[in-house]
Structure formats: C-alpha cells, structure tokens
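Remarks on the structure that follows.
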Amino acid sequence: MKFSQHYTVKWHDTDANRQARPSQILMYMQETANEHLRHAAISLDELRDRQGLAFLLSSISICVYEPLYTGEDIEVQTWICEGRGLSHNRCFCILKNGKPVVEAFSVWALMDLRAHKLLKSDEVPYHLEPDEALQLAVLPRRLRVPTVEHMELVGERKIVYSDIDYNRHMNNTHYPDMFCDFTPNVCENHVTGMMFSFLHEAAYGHTLKVYRAKTEEGYLFRTVDENGTVCTDALLRLEPIANLQTHATEL
C-alpha cells in the first residue's frame, strides 16, 4: 500500500539552476519512508533504541525525468515491495501535477545491532502491505564500476560533522551532492539518473579517496576509505541544461 507526503521545493533545496539538488531529492524520499514507518506506529528511533534494529541502505537506483524547481508542490509516494532473503525492497515516486517525474527502487538491509546479524525480509517486527515493484528500464540492472587502476583519482573527501547522522557515519543522502562536487561542468548539466551501491560505512573523521571514470552518458565513481576499504560505487547520468531549455521551448 502506498504512503504519500506533500512538500514544497524550497529555495535552499536547489542549486545554481534553481533545480532541487540530487541529495535533496533523495532526502524527500527517505523522509517520506521515515513517516511511513511512523504511521505504522514504529519509528526509526524506536527500532534502534528499543529493539536494537537499524535499516541500512544497500543500493538505490533513481530516474529523474523532469527537474524539480523552487516553489513547486510535489507529492512523494513510497511503498514496500516483496523482499527476498536479506533484501528489504522499497520503491519511491515523486509526482508533480499528478505526473511522475522521479522514480526509484531501493534495497535495504535490516541489522540486529545487538546480535550483529542481518534479518531476513520476513523477520521485520511490523507488517506493511507490499505493492508492485517499479521497473526502471532506463537504468542498468547492475552497477558495474571498473577497478581503481582503470579510474582517475580526482580528490579526497573527509567525513565531517555536517555529514554524519545518529550512526556517526556519512548519511546516504549526502552522497549524491558529494559526487556532483567531483563532476566536471556540473552546473551546466541536469542529473537524469543515479545509482548507488553502499558497500561499507564512511565513518566520522575518515578520509575517502574519490575515483572517477567517464562514460557516454555521465560518470562512474568509487570511494575508498583510508584503510583501503571500498565504501561506495556510483553512477551519475547527465543531460546538458541547454537540452532541457530546448525541450521547454518546443513544448
């Protein structure tokens, strides 16, 4: 069953083109998921503090069909899908004037922090009615990133106070903007697709090395912790802002 929240895109949510930043898009979706749990009478804080459980984002694929601009009213929908094994699946859809403009499919893990083990999808301590999963045909099914030997080291990124959440790791909603910071000519482009695979937490105070490789449609990224652990793989698909302006003129 789908759950909805309404938002207005604020000026401070947007970038130099008055478009909602990629991290803000992910934040709209995750805040809606948090509210979904609250309406099911169980919050993330209750899961962690009383039951010792925490959801960890494993991967997410996001298609952005149209930008979100300052002052626009949007509806964000989320719902769970049938899980399998240790995978807890959740979908998202952002609508503008009733039209889907962003869709996403995500895979989560549920960690028992006390026992240090992952729980299966049928072991969650609550019930939410699942709905049909989205099929994002315009993104690859799997994220394939080359080894760092075949990528360019483009910089380093220290994990600081403004990045972390209650887990003292970089919150996953910060990753899209971080990768945009390492994207050439980012202000001349609109992000049309994002894929992230979260392999290891980026801990407070650690420094990540950021590697990048060019593709036909954008850039692949990999972050590596100072201890050599791969933290995140990512894909950003881009379209020139000029193309959006041309489309708008034609319409």
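In the structure tokens, the first chain shown is A, the next is B, and so on; residue numbers restart at 1 for each chain, and ligands run from 1 in the order shown.
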
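Using only C-alpha atoms, the contacts of A:Glu66 at a cut-off of 9 Å, with sequence neighbours closer than 5 positions omitted, comprise A:Pro100, A:Val101, A:Val102, A:Thr192, A:Leu244.
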
**OP:** Would you mind listing what lies within 12 Å of stretch 116-129 of chain A as a PyMOL selection string, with only C-alpha atoms counted and same-chain residues fewer than 3 positions away left out?
**Re:** chain A and resi 1-3+33+36-43+46-48+50-56+78-90+107-113+132

For the alpha helix (DSSP H) assignment from backbone DSSP, which residues of stretch 38-75 of chain A qualify? Please present them as a JSON list (two decimals) with N, CA and C atoms, in the first residue's frame.
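Produced file states.json, reproduced below:
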```json
[["chain", "number", "residue", "atom", "x", "y", "z"],
["A", 38, "ARG", "N", 6.48, 5.76, 10.82],
["A", 38, "ARG", "CA", 5.81, 6.41, 11.96],
["A", 38, "ARG", "C", 4.31, 6.17, 11.93],
["A", 39, "HIS", "N", 3.73, 6.22, 10.73],
["A", 39, "HIS", "CA", 2.29, 5.98, 10.61],
["A", 39, "HIS", "C", 1.94, 4.51, 10.83],
["A", 44, "LEU", "N", 12.03, 5.06, 13.30],
["A", 44, "LEU", "CA", 13.42, 4.62, 13.23],
["A", 44, "LEU", "C", 14.09, 4.67, 14.60],
["A", 45, "ASP", "N", 13.75, 5.70, 15.40],
["A", 45, "ASP", "CA", 14.33, 5.80, 16.74],
["A", 45, "ASP", "C", 13.87, 4.65, 17.62],
["A", 46, "GLU", "N", 12.59, 4.30, 17.50],
["A", 46, "GLU", "CA", 12.08, 3.18, 18.30],
["A", 46, "GLU", "C", 12.73, 1.87, 17.86],
["A", 47, "LEU", "N", 12.88, 1.69, 16.56],
["A", 47, "LEU", "CA", 13.53, 0.48, 16.07],
["A", 47, "LEU", "C", 14.93, 0.33, 16.66],
["A", 48, "ARG", "N", 15.67, 1.43, 16.68],
["A", 48, "ARG", "CA", 17.06, 1.35, 17.15],
["A", 48, "ARG", "C", 17.14, 1.28, 18.67],
["A", 49, "ASP", "N", 16.47, 2.22, 19.36],
["A", 49, "ASP", "CA", 16.65, 2.36, 20.80],
["A", 49, "ASP", "C", 15.96, 1.27, 21.61],
["A", 50, "ARG", "N", 14.78, 0.82, 21.14],
["A", 50, "ARG", "CA", 14.06, -0.19, 21.91],
["A", 50, "ARG", "C", 14.29, -1.60, 21.42],
["A", 51, "GLN", "N", 14.48, -1.74, 20.09],
["A", 51, "GLN", "CA", 14.60, -3.10, 19.55],
["A", 51, "GLN", "C", 16.00, -3.41, 19.03]]
```

Original post:
Could you pull out all residues of stretch 11-71 of chain A with a DSSP call of strand (DSSP E) and give them as a list in words?
Top reply: Leu53, Ala54, Phe55, Leu56, Leu57, Ser58, Ser59, Ile60, Ser61, Ile62, Cys63 and Val64 of chain A

Filtering to C-alpha atoms, could you give me those residues as a short mmCIF file (atom, residue, chain, number, x, y, z; two decimals), in the first residue's frame?
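Output below, filename part18.cif:
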```cif
data_model
loop_
_atom_site.label_atom_id
_atom_site.label_comp_id
_atom_site.auth_asym_id
_atom_site.auth_seq_id
_atom_site.Cartn_x
_atom_site.Cartn_y
_atom_site.Cartn_z
CA LEU A 53 17.49 -2.68 14.85
CA ALA A 54 18.66 -0.36 12.07
CA PHE A 55 17.91 -0.17 8.36
CA LEU A 56 21.00 0.17 6.16
CA LEU A 57 20.67 1.28 2.55
CA SER A 58 22.34 -1.28 0.32
CA SER A 59 21.58 0.16 -3.13
CA ILE A 60 19.27 2.61 -4.86
CA SER A 61 18.52 3.48 -8.49
CA ILE A 62 16.85 6.83 -9.24
CA CYS A 63 15.43 8.11 -12.54
CA VAL A 64 14.82 11.86 -12.80
#
```

Under the rule of at most 12 Å, produce a per-residue listing of stretch 82-146 of chain A near stretch 7-23 of chain A: chain, number, name, the closest pair of atoms, and the distance in Å, as a Markdown table, using only C-alpha atoms.
```
| residue | atom | partner | partner_atom | distance |
| --- | --- | --- | --- | --- |
| A:Ile94 | CA | A:Tyr7 | CA | 10.1 |
| A:Leu95 | CA | A:Tyr7 | CA | 10.5 |
| A:Lys96 | CA | A:Tyr7 | CA | 10.4 |
| A:Val102 | CA | A:Pro22 | CA | 11.0 |
```

Produce a file of the selected residues containing N, CA and C atoms, as a short mmCIF file (atom, residue, chain, number, x, y, z; two decimals), in the first residue's frame.
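The resulting result24.cif:
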```
data_model
loop_
_atom_site.label_atom_id
_atom_site.label_comp_id
_atom_site.auth_asym_id
_atom_site.auth_seq_id
_atom_site.Cartn_x
_atom_site.Cartn_y
_atom_site.Cartn_z
N ILE A 94 7.97 10.41 -7.16
CA ILE A 94 7.67 11.82 -6.92
C ILE A 94 6.80 12.32 -8.06
N LEU A 95 5.66 12.90 -7.70
CA LEU A 95 4.72 13.40 -8.70
C LEU A 95 4.65 14.93 -8.65
N LYS A 96 4.52 15.53 -9.82
CA LYS A 96 4.33 16.97 -9.95
C LYS A 96 3.11 17.17 -10.84
N VAL A 102 9.99 11.58 -10.88
CA VAL A 102 11.14 10.85 -10.32
C VAL A 102 10.63 9.49 -9.86
#
```

**OP:** Work out how far atom CA of A:Leu143 is from atom CA of A:Gly155, in Å to one decimal.
**Re:**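 Going from atom CA of A:Gly155 over to atom CA of A:Leu143, I get 21.8 Å.
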
Subject >> For A:Ala203: contacts at 7 Å, only C-alpha atoms, fewer than 2 positions along chain excluded, given as a list in words >> reply: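 Residues meeting the cut-off are Ile159, Arg168, His169, Met170, Glu201, Gly205 and His206 of chain A.
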
Original post:
Between A:Ile25, A:Ala202, A:Val210, A:Cys180, which one has atoms that come closest to A:Leu236, using only C-alpha atoms?
Top reply: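 Checking each of A:Ile25, A:Ala202, A:Val210, A:Cys180 against A:Leu236, counting only C-alpha atoms, the winner is A:Cys180.
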
Subject >> Contacts of A:Thr183 within 10 Å, only C-alpha atoms, excl. fewer than 2 positions in-chain, as a VMD selection string >> reply: chain A and resid 154 177 to 181 185 to 187 189 212 214 218 to 221 236 238

**OP:** Compare A:Gly98, A:Pro176, A:Pro130, A:Pro184 by their minimum atom-to-atom distance to A:Ala234, counting only C-alpha atoms, and give me the closest one.
**Re:**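 Of A:Gly98, A:Pro176, A:Pro130, A:Pro184, the one nearest A:Ala234, counting only C-alpha atoms, is A:Pro176.
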
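Atom pair atom CA of A:Tyr69 / atom CA of A:Ala104 has a distance of 18.9 Å (rounded to one decimal).
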
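Atom CA of A:Leu139 lies 29.7 Å from atom CA of A:Lys158.
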
Original post:
Pick from A:His150, A:His174, A:His190, A:Arg142: nearest to A:Leu68, with only C-alpha atoms counted?
Top reply: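 Ranked by minimum distance to A:Leu68, first place goes to A:His190.
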
Find the residues near A:Thr223: any atom within 6 Å, counting only C-alpha atoms, skip ones fewer than 2 places away on the same chain, and give them as a PDB file with N, CA and C atoms, in the first residue's frame.
```pdb
ATOM      1  N   LEU A 208      38.026   9.802   2.507  1.00  0.00           N
ATOM      2  CA  LEU A 208      37.793   8.940   1.352  1.00  0.00           C
ATOM      3  C   LEU A 208      38.595   9.442   0.156  1.00  0.00           C
ATOM      4  N   LYS A 209      39.152   8.514  -0.600  1.00  0.00           N
ATOM      5  CA  LYS A 209      39.684   8.830  -1.916  1.00  0.00           C
ATOM      6  C   LYS A 209      38.564   8.641  -2.933  1.00  0.00           C
ATOM      7  N   VAL A 210      38.419   9.581  -3.847  1.00  0.00           N
ATOM      8  CA  VAL A 210      37.344   9.550  -4.823  1.00  0.00           C
ATOM      9  C   VAL A 210      37.922   9.300  -6.211  1.00  0.00           C
ATOM     10  N   VAL A 230      36.599  -0.357   0.043  1.00  0.00           N
ATOM     11  CA  VAL A 230      35.695   0.318  -0.880  1.00  0.00           C
ATOM     12  C   VAL A 230      34.397   0.634  -0.150  1.00  0.00           C
ATOM     13  N   CYS A 231      34.007   1.908  -0.153  1.00  0.00           N
ATOM     14  CA  CYS A 231      32.793   2.335   0.557  1.00  0.00           C
ATOM     15  C   CYS A 231      31.580   2.400  -0.358  1.00  0.00           C
ATOM     16  N   THR A 232      31.733   3.066  -1.512  1.00  0.00           N
ATOM     17  CA  THR A 232      30.571   3.320  -2.358  1.00  0.00           C
ATOM     18  C   THR A 232      30.944   3.279  -3.833  1.00  0.00           C
TER      19      THR A 232
END
```
